[in-house]
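Text of my_file04.cif, listed as mmCIF, C-alpha atoms:
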```cif
data_coords
loop_
_atom_site.label_atom_id
_atom_site.label_comp_id
_atom_site.auth_asym_id
_atom_site.auth_seq_id
_atom_site.Cartn_x
_atom_site.Cartn_y
_atom_site.Cartn_z
CA MET T 727 124.77 -142.08 23.21
CA LEU T 728 127.49 -140.69 25.48
CA LYS T 729 128.77 -142.34 28.65
CA ILE T 730 128.43 -140.10 31.70
CA GLY T 731 132.23 -139.67 31.93
CA THR T 732 132.45 -138.61 28.27
CA PHE T 733 129.45 -136.26 28.67
CA SER T 734 131.15 -134.80 31.76
CA GLN T 735 134.47 -134.20 30.01
CA LEU T 736 132.90 -132.61 26.93
CA THR T 737 130.63 -130.20 28.83
CA GLY T 738 132.87 -129.20 31.74
CA VAL T 739 130.55 -130.55 34.45
CA THR T 740 131.69 -133.13 36.99
CA VAL T 741 130.16 -136.61 37.13
CA LYS T 742 129.16 -135.87 40.74
CA ALA T 743 127.14 -132.82 39.63
CA LEU T 744 125.49 -134.76 36.76
CA ARG T 745 124.41 -137.49 39.19
CA TYR T 746 122.98 -134.84 41.50
CA TYR T 747 121.07 -133.16 38.65
CA ASP T 748 119.65 -136.59 37.85
CA ARG T 749 118.64 -137.18 41.47
CA VAL T 750 116.78 -133.86 41.75
CA GLY T 751 115.13 -134.26 38.34
CA LEU T 752 116.87 -131.42 36.49
CA LEU T 753 118.71 -133.52 33.91
CA LYS T 754 117.78 -137.18 33.66
CA PRO T 755 120.01 -139.49 31.60
CA ALA T 756 118.56 -140.43 28.24
CA GLU T 757 119.11 -144.08 29.19
CA VAL T 758 120.20 -146.10 32.22
CA ASP T 759 121.48 -149.64 31.72
CA ARG T 760 119.19 -151.78 33.86
CA PHE T 761 121.94 -154.31 34.56
CA SER T 762 125.00 -152.13 35.19
CA GLY T 763 123.30 -148.89 36.23
CA TYR T 764 125.50 -146.91 33.79
CA ARG T 765 124.04 -143.56 32.75
CA TYR T 766 124.02 -142.46 29.10
CA TYR T 767 123.30 -139.03 27.62
CA THR T 768 122.70 -137.62 24.14
CA ALA T 769 124.31 -134.66 22.40
CA ALA T 770 120.88 -133.00 22.35
CA GLN T 771 121.00 -132.73 26.17
CA ILE T 772 124.04 -130.42 26.09
CA ASP T 773 121.87 -127.36 25.42
CA ARG T 774 119.58 -128.13 28.41
CA LEU T 775 122.67 -128.51 30.60
CA ASN T 776 123.97 -125.13 29.39
CA ARG T 777 120.65 -123.54 30.40
CA ILE T 778 120.89 -125.12 33.85
CA LEU T 779 124.40 -123.77 34.33
CA ALA T 780 123.48 -120.30 33.08
CA LEU T 781 120.48 -120.09 35.45
CA LYS T 782 122.59 -121.42 38.30
CA ASP T 783 125.11 -118.61 37.72
CA LEU T 784 122.21 -116.16 37.83
CA GLY T 785 121.81 -117.18 41.46
CA LEU T 786 118.66 -119.29 41.10
CA SER T 787 118.19 -122.30 43.35
CA LEU T 788 117.90 -125.73 41.73
CA GLU T 789 114.18 -125.72 42.53
CA GLU T 790 113.78 -122.35 40.81
CA ILE T 791 115.82 -123.58 37.83
CA GLY T 792 113.45 -126.54 37.47
CA GLN T 793 110.45 -124.18 37.48
CA VAL T 794 112.03 -121.93 34.82
CA LEU T 795 112.86 -124.90 32.59
CA ASP T 796 109.33 -126.30 32.98
CA ALA T 797 107.97 -122.91 31.90
CA HIS T 798 109.91 -123.27 28.61
CA ILE T 799 111.54 -119.86 28.88
CA SER T 800 112.70 -118.54 25.51
CA ALA T 801 116.30 -117.86 24.58
CA ALA T 802 115.45 -114.14 24.26
CA GLU T 803 114.02 -114.04 27.80
CA LEU T 804 117.02 -115.93 29.13
CA ARG T 805 119.34 -113.47 27.38
CA GLY T 806 117.56 -110.62 29.10
CA MET T 807 117.96 -112.27 32.49
CA LEU T 808 121.63 -112.91 31.89
CA ARG T 809 122.31 -109.35 30.76
CA LEU T 810 120.58 -107.98 33.85
CA LYS T 811 122.77 -110.17 36.02
CA ALA T 812 125.84 -108.97 34.11
CA VAL T 813 125.05 -105.36 35.02
CA GLN T 814 124.77 -106.34 38.69
CA LEU T 815 128.01 -108.30 38.62
CA ARG T 816 129.97 -105.32 37.25
CA HIS T 817 129.34 -103.57 40.56
CA SER T 818 130.31 -106.54 42.74
CA ILE T 819 133.65 -107.41 44.28
CA ALA T 820 136.57 -108.84 42.31
CA GLU T 821 135.71 -112.44 43.20
CA GLU T 822 132.43 -112.11 41.27
CA GLN T 823 134.33 -111.47 38.04
CA ALA T 824 134.78 -115.20 37.52
CA ARG T 825 131.02 -115.73 37.72
CA LEU T 826 130.40 -112.97 35.15
CA ASP T 827 132.75 -114.70 32.74
CA ARG T 828 130.89 -118.00 33.13
CA VAL T 829 127.55 -116.32 32.47
CA ALA T 830 128.89 -114.70 29.28
CA ALA T 831 130.39 -118.01 28.16
CA ARG T 832 127.19 -120.02 28.61
CA LEU T 833 125.20 -117.25 26.92
CA ARG T 834 127.39 -117.64 23.82
CA LEU T 835 126.53 -121.33 23.69
CA ILE T 836 122.80 -120.74 24.18
CA ASP T 837 122.69 -118.03 21.50
CA ARG T 838 124.10 -120.41 18.91
CA ASP T 839 121.01 -122.65 19.13
CA ASP T 840 121.63 -125.74 16.93
CA ALA T 841 123.93 -124.10 14.40
CA LEU T 842 127.29 -125.80 13.94
CA ALA T 843 130.10 -123.31 13.41
CA ALA T 844 132.81 -125.93 13.13
CA GLU T 845 133.76 -128.01 10.11
CA VAL T 846 134.02 -131.66 11.13
CA VAL T 847 136.05 -134.33 9.32
CA VAL T 848 136.28 -138.07 10.03
CA ARG T 849 139.59 -139.70 9.19
CA GLN T 850 141.87 -142.57 10.11
CA ILE T 851 144.92 -141.73 12.22
CA PRO T 852 147.69 -144.36 11.83
CA ALA T 853 149.63 -145.72 14.78
CA GLN T 854 152.34 -143.30 15.91
CA GLN T 855 155.62 -143.64 17.76
CA LEU T 856 155.75 -140.94 20.43
CA LEU T 857 158.12 -139.47 22.93
CA SER T 858 155.66 -138.72 25.72
CA TYR T 859 155.46 -137.51 29.28
CA ARG T 860 152.42 -138.18 31.47
CA GLU T 861 151.64 -136.41 34.74
CA VAL T 862 148.71 -135.59 37.02
CA ILE T 863 148.75 -131.79 37.20
CA ALA T 864 146.97 -129.48 39.64
CA GLY T 865 144.72 -127.73 37.12
CA PRO T 866 144.24 -126.38 33.57
CA TRP T 867 146.60 -123.46 34.22
CA GLN T 868 149.51 -125.94 34.22
CA ILE T 869 148.81 -127.34 30.75
CA LYS T 870 150.62 -124.61 28.77
CA PRO T 871 153.73 -124.63 31.03
CA LEU T 872 153.90 -128.43 30.81
CA PHE T 873 153.63 -128.39 27.01
CA ALA T 874 156.25 -125.61 26.82
CA ARG T 875 158.65 -127.62 29.01
CA VAL T 876 158.28 -130.71 26.82
CA ALA T 877 158.65 -128.68 23.59
CA ALA T 878 161.77 -126.99 24.96
CA ALA T 879 163.34 -130.36 25.79
CA ILE T 880 162.66 -131.62 22.26
CA GLU T 881 164.31 -128.50 20.80
CA THR T 882 167.26 -128.54 23.24
CA HIS T 883 168.13 -132.13 22.31
CA ARG T 884 167.79 -131.26 18.60
CA ILE T 885 165.12 -133.84 17.96
CA ILE T 886 163.09 -133.23 14.80
CA PRO T 887 159.48 -134.30 15.49
CA ALA T 888 157.71 -136.43 12.90
CA GLY T 889 154.55 -134.34 13.39
CA PRO T 890 152.90 -131.70 15.57
CA GLY T 891 152.81 -132.04 19.35
CA LEU T 892 149.70 -133.35 21.02
CA ALA T 893 148.04 -133.70 24.40
CA LEU T 894 145.97 -136.69 25.53
CA TYR T 895 143.50 -136.45 28.40
CA HIS T 896 143.24 -139.70 30.35
CA HIS T 897 141.01 -138.69 33.29
CA GLY T 898 137.80 -139.56 31.40
CA GLU T 899 135.65 -136.75 32.83
CA TYR T 900 135.75 -132.99 33.34
CA ARG T 901 137.93 -132.00 36.27
CA GLU T 902 138.98 -128.68 37.70
CA HIS T 903 141.87 -130.31 39.58
CA ASP T 904 144.13 -133.38 39.25
CA LEU T 905 144.18 -133.61 35.46
CA ASP T 906 145.77 -136.78 34.08
CA ILE T 907 147.44 -135.46 30.94
CA GLU T 908 150.02 -136.83 28.52
CA VAL T 909 152.06 -134.47 26.34
CA ALA T 910 153.86 -136.03 23.38
CA PHE T 911 155.64 -135.49 20.07
CA PRO T 912 155.69 -138.03 17.20
CA VAL T 913 159.20 -139.30 16.45
CA LEU T 914 160.81 -141.34 13.67
CA PRO T 915 161.59 -145.05 14.24
CA ASP T 916 165.29 -144.27 14.71
CA GLY T 917 164.55 -141.53 17.26
CA PRO T 918 165.46 -141.74 20.97
CA HIS T 919 163.59 -144.06 23.36
CA ARG T 920 163.82 -141.73 26.34
CA LEU T 921 164.54 -138.10 27.02
CA THR T 922 165.26 -136.39 30.33
CA LEU T 923 163.16 -133.33 31.12
CA ASP T 924 164.82 -132.64 34.47
CA HIS T 925 166.26 -134.60 37.39
CA GLU T 926 162.83 -136.13 38.18
CA ARG T 927 160.94 -136.30 34.88
CA VAL T 928 161.65 -138.51 31.87
CA MET T 929 159.93 -138.75 28.48
CA ARG T 930 159.58 -142.30 27.17
CA ARG T 931 158.88 -143.95 23.81
CA THR T 932 155.28 -145.12 23.50
CA THR T 933 153.04 -146.29 20.69
CA LEU T 934 149.74 -144.51 20.12
CA PRO T 935 147.35 -147.01 18.49
CA ALA T 936 145.68 -146.33 15.17
CA VAL T 937 142.22 -144.85 15.56
CA GLN T 938 139.35 -143.34 13.61
CA VAL T 939 138.58 -139.82 14.82
CA ALA T 940 136.12 -137.00 14.24
CA THR T 941 138.08 -133.76 14.20
CA THR T 942 137.53 -130.03 14.20
CA ILE T 943 139.73 -126.96 14.62
CA CYS T 944 139.47 -124.96 17.85
CA ARG T 945 140.67 -121.35 18.05
CA MET T 946 140.86 -120.99 21.80
CA GLN T 947 140.63 -117.52 23.29
CA ALA T 948 138.82 -118.78 26.40
CA GLN T 949 137.93 -122.17 27.93
CA VAL T 950 134.40 -121.95 26.55
CA ASP T 951 135.82 -122.21 23.00
CA VAL T 952 136.87 -125.79 23.80
CA PHE T 953 133.37 -126.65 25.07
CA THR T 954 131.88 -125.08 21.93
CA ALA T 955 134.08 -127.25 19.69
CA ASN T 956 133.15 -130.31 21.77
CA ARG T 957 129.43 -129.48 21.44
CA ASP T 958 129.71 -129.18 17.65
CA LEU T 959 131.61 -132.47 17.45
CA CYS T 960 129.03 -134.28 19.61
CA ILE T 961 126.07 -133.05 17.56
CA TRP T 962 127.79 -133.81 14.24
CA ILE T 963 128.74 -137.31 15.42
CA ALA T 964 125.16 -138.04 16.57
CA GLU T 965 123.65 -136.71 13.33
CA ASN T 966 125.99 -138.57 10.98
CA GLY T 967 125.77 -142.19 12.13
CA TYR T 968 128.73 -142.34 14.50
CA ARG T 969 129.26 -142.70 18.23
CA ILE T 970 132.19 -141.82 20.46
CA SER T 971 134.35 -144.86 21.20
CA ASP T 972 136.73 -145.58 24.05
CA GLY T 973 140.05 -143.77 24.12
CA PRO T 974 141.48 -140.46 25.28
CA CYS T 975 140.44 -137.15 23.78
CA ARG T 976 143.34 -135.72 21.74
CA GLU T 977 144.39 -132.15 21.11
CA VAL T 978 146.89 -131.75 18.25
CA TYR T 979 148.70 -128.43 18.13
CA VAL T 980 148.71 -127.88 14.38
CA GLU T 981 150.13 -124.36 14.68
CA THR T 982 152.95 -123.03 16.83
CA PRO T 983 151.48 -120.92 19.68
CA VAL T 984 151.97 -117.17 19.18
CA PRO T 985 151.97 -114.97 22.30
CA GLY T 986 148.83 -112.81 22.39
CA GLU T 987 147.09 -114.85 19.68
CA PRO T 988 144.40 -117.54 20.14
CA LEU T 989 145.76 -121.03 20.67
CA ILE T 990 144.89 -123.09 17.57
CA PHE T 991 144.63 -126.84 17.83
CA GLU T 992 142.70 -129.78 16.41
CA VAL T 993 140.27 -131.57 18.73
CA GLN T 994 140.10 -135.32 17.95
CA LEU T 995 137.46 -137.65 19.40
CA PRO T 996 137.70 -141.41 18.70
CA VAL T 997 134.57 -142.59 16.88
CA GLU T 998 133.03 -145.70 15.38
CA GLU T 999 129.97 -146.29 13.25
CA ALA T 1000 126.78 -146.51 15.31
#
```
For the file at hand, write its structure as structure tokens.
Amino acid sequence: MLKIGTFSQLTGVTVKALRYYDRVGLLKPAEVDRFSGYRYYTAAQIDRLNRILALKDLGLSLEEIGQVLDAHISAAELRGMLRLKAVQLRHSIAEEQARLDRVAARLRLIDRDDALAAEVVVRQIPAQQLLSYREVIAGPWQIKPLFARVAAAIETHRIIPAGPGLALYHHGEYREHDLDIEVAFPVLPDGPHRLTLDHERVMRRTTLPAVQVATTICRMQAQVDVFTANRDLCIWIAENGYRISDGPCREVYVETPVPGEPLIFEVQLPVEEA
């Protein structure tokens, strides 16, 4: 079972929207704690949510989406509807281009059905000493510049990292704005305890606790590739006797980014036996 915040972060849908879909009967939580009121979802509900989002981008009202879902429309019929909308969007104004991209992205997820493209591994990550910098940034477009600034500072000060750089997401749900992100590099015990990025920002020594994680490799050409990796991880975790535990989602940049090439990183979700 996934907490609503975790479900939100892994699917790219805000907690506010999930609560609204619950209220109007489109996507009910799999379980609601009768004492705390906390909502819980399952990995199996991700595909229904993707259908809701795809139909919403087609321009259907929430009432119409409910009727389509109740009619058990097939994936082939939904593909046809999405392709028709794509033709219409190609003739619309530039602002509609973003909607076309979202339709294509959700279609890719729907087409995959239950097949898992990713290889998932569970392993123990030991505690790590990090030089890290944490900031609330405006949006996802600032992630790469922030990571580049931190990596440049590490190189400028001639610090040899003890492992690949990583990003930790602390906001606990999907957000389009105000992302609470920590960028860090593992360092040796005799490494520095602080490092100046600029006149306002300072990296500090922190300890990242040991954790058991389920991991997969993401080759990111578009944002939907991250959601696809998250979906595969969620389904694998649910089917193999694990559940997601508390702790930030980690992205470990196992390969140096190459301009013009997909960004390759390892997605790590903390897990425990169910």
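This file, queried with the PyMOL selection byres ((chain T and resi 933-935) around 7), gives the residues Ala853, Gln854, Gln855, Leu856, Thr932, Ala936 and Val937 of chain T.
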Test item: the PyMOL selection byres ((chain T and resi 746-760) around 10) resolved as a PyMOL selection string: chain T and resi 727-730+740-745+761-768+770-772+774-775+778+788-789+791-793+795-796
Shell around Gln850 in chain T at 10 Å using only C-alpha atoms, local window under 2 positions removed, as a PyMOL selection string: chain T and resi 848+852-853+936-940+996-997
As lines of an AutoDock Vina configuration file, what would the box around range 962-976 of chain T look like: edges along x, y and z, 5 Å added on every side, centre and edge lengths in Å to one decimal?
```
center_x = 133.5
center_y = -139.7
center_z = 18.1
size_x = 29.7
size_y = 21.8
size_z = 24.3
```
Translate the PyMOL selection byres ((chain T and resi 904) around 10), as applied to the file shown, into an explicit residue set as a CSV table (one decimal) with C-alpha atoms, in the coordinates of the input.
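This is the output file part-v7.csv:
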```csv
chain,number,residue,atom,x,y,z
T,861,GLU,CA,151.6,-136.4,34.7
T,862,VAL,CA,148.7,-135.6,37.0
T,863,ILE,CA,148.8,-131.8,37.2
T,864,ALA,CA,147.0,-129.5,39.6
T,865,GLY,CA,144.7,-127.7,37.1
T,866,PRO,CA,144.2,-126.4,33.6
T,897,HIS,CA,141.0,-138.7,33.3
T,901,ARG,CA,137.9,-132.0,36.3
T,902,GLU,CA,139.0,-128.7,37.7
T,903,HIS,CA,141.9,-130.3,39.6
T,905,LEU,CA,144.2,-133.6,35.5
T,906,ASP,CA,145.8,-136.8,34.1
T,907,ILE,CA,147.4,-135.5,30.9
```
Option closest in space to Leu786 in chain T, from T:Met807, T:Ala802, T:Ala955, T:Ile943 [counting all atoms listed in the file]: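 Comparing T:Met807, T:Ala802, T:Ala955, T:Ile943 against Leu786 in chain T, the winner is T:Met807.
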Å distance separating CA of Lys782 in chain T from CA of His896 in chain T, one decimal place: 28.7 Å
Nearest candidate to Val952 in chain T (options T:Leu989, T:Met929, T:Ile886, T:Val847; using all atoms listed in the file): T:Leu989
Between CA of Leu833 in chain T and CA of Val980 in chain T - distance in Å to one decimal: 28.7 Å
Selected residue of minimal separation from Pro890 in chain T among T:Pro912, T:Pro871, T:Gly731, T:Gly986, counting all atoms listed in the file: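 Closest to Pro890 in chain T, using all atoms listed in the file: T:Pro912.
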Length of the CA of Ala780 in chain T to CA of Lys811 in chain T vector [Å]: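 Separating CA of Ala780 in chain T from CA of Lys811 in chain T is a distance of 10.6 Å.
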Pick from T:Pro988, T:Pro918, T:Gly973, T:Gly785, whichever lies nearest to Arg930 in chain T using all atoms listed in the file: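 Using all atoms listed in the file, Arg930 in chain T sits closest to T:Pro918.
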Closest of T:Ile880, T:Val984, T:Ala769, T:Leu779 to Ala964 in chain T - atom-to-atom distances counting only C-alpha atoms: T:Ala769
Just save range 756-799 of chain T with N, CA and C atoms, as an mmCIF file, in the first residue's frame.
```cif
data_model
loop_
_atom_site.group_PDB
_atom_site.id
_atom_site.type_symbol
_atom_site.label_atom_id
_atom_site.label_comp_id
_atom_site.auth_asym_id
_atom_site.auth_seq_id
_atom_site.Cartn_x
_atom_site.Cartn_y
_atom_site.Cartn_z
ATOM 1 N N ALA T 756 -7.626 2.768 -2.080
ATOM 2 C CA ALA T 756 -7.845 1.354 -1.806
ATOM 3 C C ALA T 756 -8.211 1.134 -0.340
ATOM 4 N N GLU T 757 -7.734 2.049 0.519
ATOM 5 C CA GLU T 757 -8.018 1.916 1.950
ATOM 6 C C GLU T 757 -7.916 3.275 2.619
ATOM 7 N N VAL T 758 -8.790 3.540 3.573
ATOM 8 C CA VAL T 758 -8.745 4.755 4.377
ATOM 9 C C VAL T 758 -8.707 4.346 5.842
ATOM 10 N N ASP T 759 -7.668 4.782 6.553
ATOM 11 C CA ASP T 759 -7.548 4.464 7.973
ATOM 12 C C ASP T 759 -8.712 5.095 8.738
ATOM 13 N N ARG T 760 -9.494 4.279 9.411
ATOM 14 C CA ARG T 760 -10.708 4.808 10.047
ATOM 15 C C ARG T 760 -10.418 5.654 11.270
ATOM 16 N N PHE T 761 -9.173 5.606 11.773
ATOM 17 C CA PHE T 761 -8.827 6.437 12.924
ATOM 18 C C PHE T 761 -8.161 7.748 12.484
ATOM 19 N N SER T 762 -7.192 7.642 11.579
ATOM 20 C CA SER T 762 -6.447 8.834 11.175
ATOM 21 C C SER T 762 -7.013 9.516 9.937
ATOM 22 N N GLY T 763 -7.784 8.771 9.134
ATOM 23 C CA GLY T 763 -8.296 9.325 7.887
ATOM 24 C C GLY T 763 -7.286 9.291 6.756
ATOM 25 N N TYR T 764 -6.083 8.721 6.974
ATOM 26 C CA TYR T 764 -5.067 8.660 5.934
ATOM 27 C C TYR T 764 -5.540 7.784 4.778
ATOM 28 N N ARG T 765 -5.266 8.254 3.555
ATOM 29 C CA ARG T 765 -5.632 7.514 2.354
ATOM 30 C C ARG T 765 -4.444 6.681 1.886
ATOM 31 N N TYR T 766 -4.743 5.460 1.409
ATOM 32 C CA TYR T 766 -3.712 4.564 0.890
ATOM 33 C C TYR T 766 -4.145 4.047 -0.485
ATOM 34 N N TYR T 767 -3.150 3.888 -1.381
ATOM 35 C CA TYR T 767 -3.407 3.430 -2.732
ATOM 36 C C TYR T 767 -2.531 2.214 -3.036
ATOM 37 N N THR T 768 -2.860 1.519 -4.111
ATOM 38 C CA THR T 768 -2.061 0.378 -4.542
ATOM 39 C C THR T 768 -1.393 0.703 -5.869
ATOM 40 N N ALA T 769 -0.337 -0.054 -6.177
ATOM 41 C CA ALA T 769 0.349 0.139 -7.461
ATOM 42 C C ALA T 769 -0.589 -0.147 -8.625
ATOM 43 N N ALA T 770 -1.561 -1.053 -8.414
ATOM 44 C CA ALA T 770 -2.489 -1.401 -9.493
ATOM 45 C C ALA T 770 -3.355 -0.211 -9.912
ATOM 46 N N GLN T 771 -3.514 0.794 -9.034
ATOM 47 C CA GLN T 771 -4.352 1.944 -9.359
ATOM 48 C C GLN T 771 -3.651 2.975 -10.253
ATOM 49 N N ILE T 772 -2.353 2.794 -10.478
ATOM 50 C CA ILE T 772 -1.613 3.750 -11.316
ATOM 51 C C ILE T 772 -2.162 3.766 -12.737
ATOM 52 N N ASP T 773 -2.491 2.572 -13.277
ATOM 53 C CA ASP T 773 -2.984 2.518 -14.649
ATOM 54 C C ASP T 773 -4.340 3.215 -14.773
ATOM 55 N N ARG T 774 -5.228 3.081 -13.790
ATOM 56 C CA ARG T 774 -6.518 3.788 -13.842
ATOM 57 C C ARG T 774 -6.281 5.294 -13.800
ATOM 58 N N LEU T 775 -5.338 5.728 -12.968
ATOM 59 C CA LEU T 775 -5.035 7.157 -12.901
ATOM 60 C C LEU T 775 -4.502 7.661 -14.242
ATOM 61 N N ASN T 776 -3.659 6.871 -14.908
ATOM 62 C CA ASN T 776 -3.153 7.282 -16.220
ATOM 63 C C ASN T 776 -4.279 7.427 -17.237
ATOM 64 N N ARG T 777 -5.286 6.563 -17.162
ATOM 65 C CA ARG T 777 -6.438 6.677 -18.055
ATOM 66 C C ARG T 777 -7.221 7.965 -17.770
ATOM 67 N N ILE T 778 -7.393 8.277 -16.493
ATOM 68 C CA ILE T 778 -8.095 9.509 -16.124
ATOM 69 C C ILE T 778 -7.378 10.720 -16.696
ATOM 70 N N LEU T 779 -6.054 10.746 -16.546
ATOM 71 C CA LEU T 779 -5.277 11.892 -17.018
ATOM 72 C C LEU T 779 -5.299 12.000 -18.542
ATOM 73 N N ALA T 780 -5.222 10.846 -19.221
ATOM 74 C CA ALA T 780 -5.268 10.863 -20.673
ATOM 75 C C ALA T 780 -6.612 11.394 -21.165
ATOM 76 N N LEU T 781 -7.713 10.922 -20.582
ATOM 77 C CA LEU T 781 -9.049 11.377 -20.974
ATOM 78 C C LEU T 781 -9.253 12.849 -20.631
ATOM 79 N N LYS T 782 -8.686 13.281 -19.517
ATOM 80 C CA LYS T 782 -8.782 14.688 -19.138
ATOM 81 C C LYS T 782 -8.085 15.561 -20.177
ATOM 82 N N ASP T 783 -6.917 15.122 -20.672
ATOM 83 C CA ASP T 783 -6.203 15.874 -21.692
ATOM 84 C C ASP T 783 -6.905 15.822 -23.050
ATOM 85 N N LEU T 784 -7.812 14.868 -23.230
ATOM 86 C CA LEU T 784 -8.632 14.849 -24.433
ATOM 87 C C LEU T 784 -9.706 15.934 -24.394
ATOM 88 N N GLY T 785 -9.902 16.530 -23.226
ATOM 89 C CA GLY T 785 -10.901 17.580 -23.094
ATOM 90 C C GLY T 785 -12.196 17.123 -22.472
ATOM 91 N N LEU T 786 -12.272 15.877 -22.024
ATOM 92 C CA LEU T 786 -13.493 15.370 -21.398
ATOM 93 C C LEU T 786 -13.656 15.963 -20.003
ATOM 94 N N SER T 787 -14.912 16.192 -19.612
ATOM 95 C CA SER T 787 -15.197 16.615 -18.245
ATOM 96 C C SER T 787 -15.013 15.423 -17.315
ATOM 97 N N LEU T 788 -14.917 15.699 -16.013
ATOM 98 C CA LEU T 788 -14.751 14.598 -15.056
ATOM 99 C C LEU T 788 -15.957 13.664 -15.071
ATOM 100 N N GLU T 789 -17.144 14.228 -15.295
ATOM 101 C CA GLU T 789 -18.345 13.391 -15.395
ATOM 102 C C GLU T 789 -18.260 12.463 -16.605
ATOM 103 N N GLU T 790 -17.802 13.015 -17.740
ATOM 104 C CA GLU T 790 -17.650 12.201 -18.948
ATOM 105 C C GLU T 790 -16.570 11.149 -18.770
ATOM 106 N N ILE T 791 -15.481 11.506 -18.072
ATOM 107 C CA ILE T 791 -14.415 10.534 -17.804
ATOM 108 C C ILE T 791 -14.964 9.365 -16.997
ATOM 109 N N GLY T 792 -15.778 9.662 -15.985
ATOM 110 C CA GLY T 792 -16.385 8.603 -15.184
ATOM 111 C C GLY T 792 -17.241 7.671 -16.025
ATOM 112 N N GLN T 793 -17.998 8.240 -16.976
ATOM 113 C CA GLN T 793 -18.847 7.421 -17.842
ATOM 114 C C GLN T 793 -18.013 6.528 -18.751
ATOM 115 N N VAL T 794 -16.904 7.087 -19.291
ATOM 116 C CA VAL T 794 -16.027 6.294 -20.160
ATOM 117 C C VAL T 794 -15.390 5.153 -19.379
ATOM 118 N N LEU T 795 -14.928 5.438 -18.171
ATOM 119 C CA LEU T 795 -14.294 4.392 -17.359
ATOM 120 C C LEU T 795 -15.295 3.312 -16.984
ATOM 121 N N ASP T 796 -16.530 3.709 -16.679
ATOM 122 C CA ASP T 796 -17.564 2.727 -16.327
ATOM 123 C C ASP T 796 -17.923 1.847 -17.518
ATOM 124 N N ALA T 797 -17.719 2.377 -18.734
ATOM 125 C CA ALA T 797 -18.021 1.610 -19.947
ATOM 126 C C ALA T 797 -16.898 0.641 -20.299
ATOM 127 N N HIS T 798 -15.814 0.659 -19.501
ATOM 128 C CA HIS T 798 -14.679 -0.250 -19.703
ATOM 129 C C HIS T 798 -14.125 -0.152 -21.129
ATOM 130 N N ILE T 799 -13.836 1.062 -21.541
ATOM 131 C CA ILE T 799 -13.278 1.299 -22.868
ATOM 132 C C ILE T 799 -11.949 0.571 -23.011
#
```
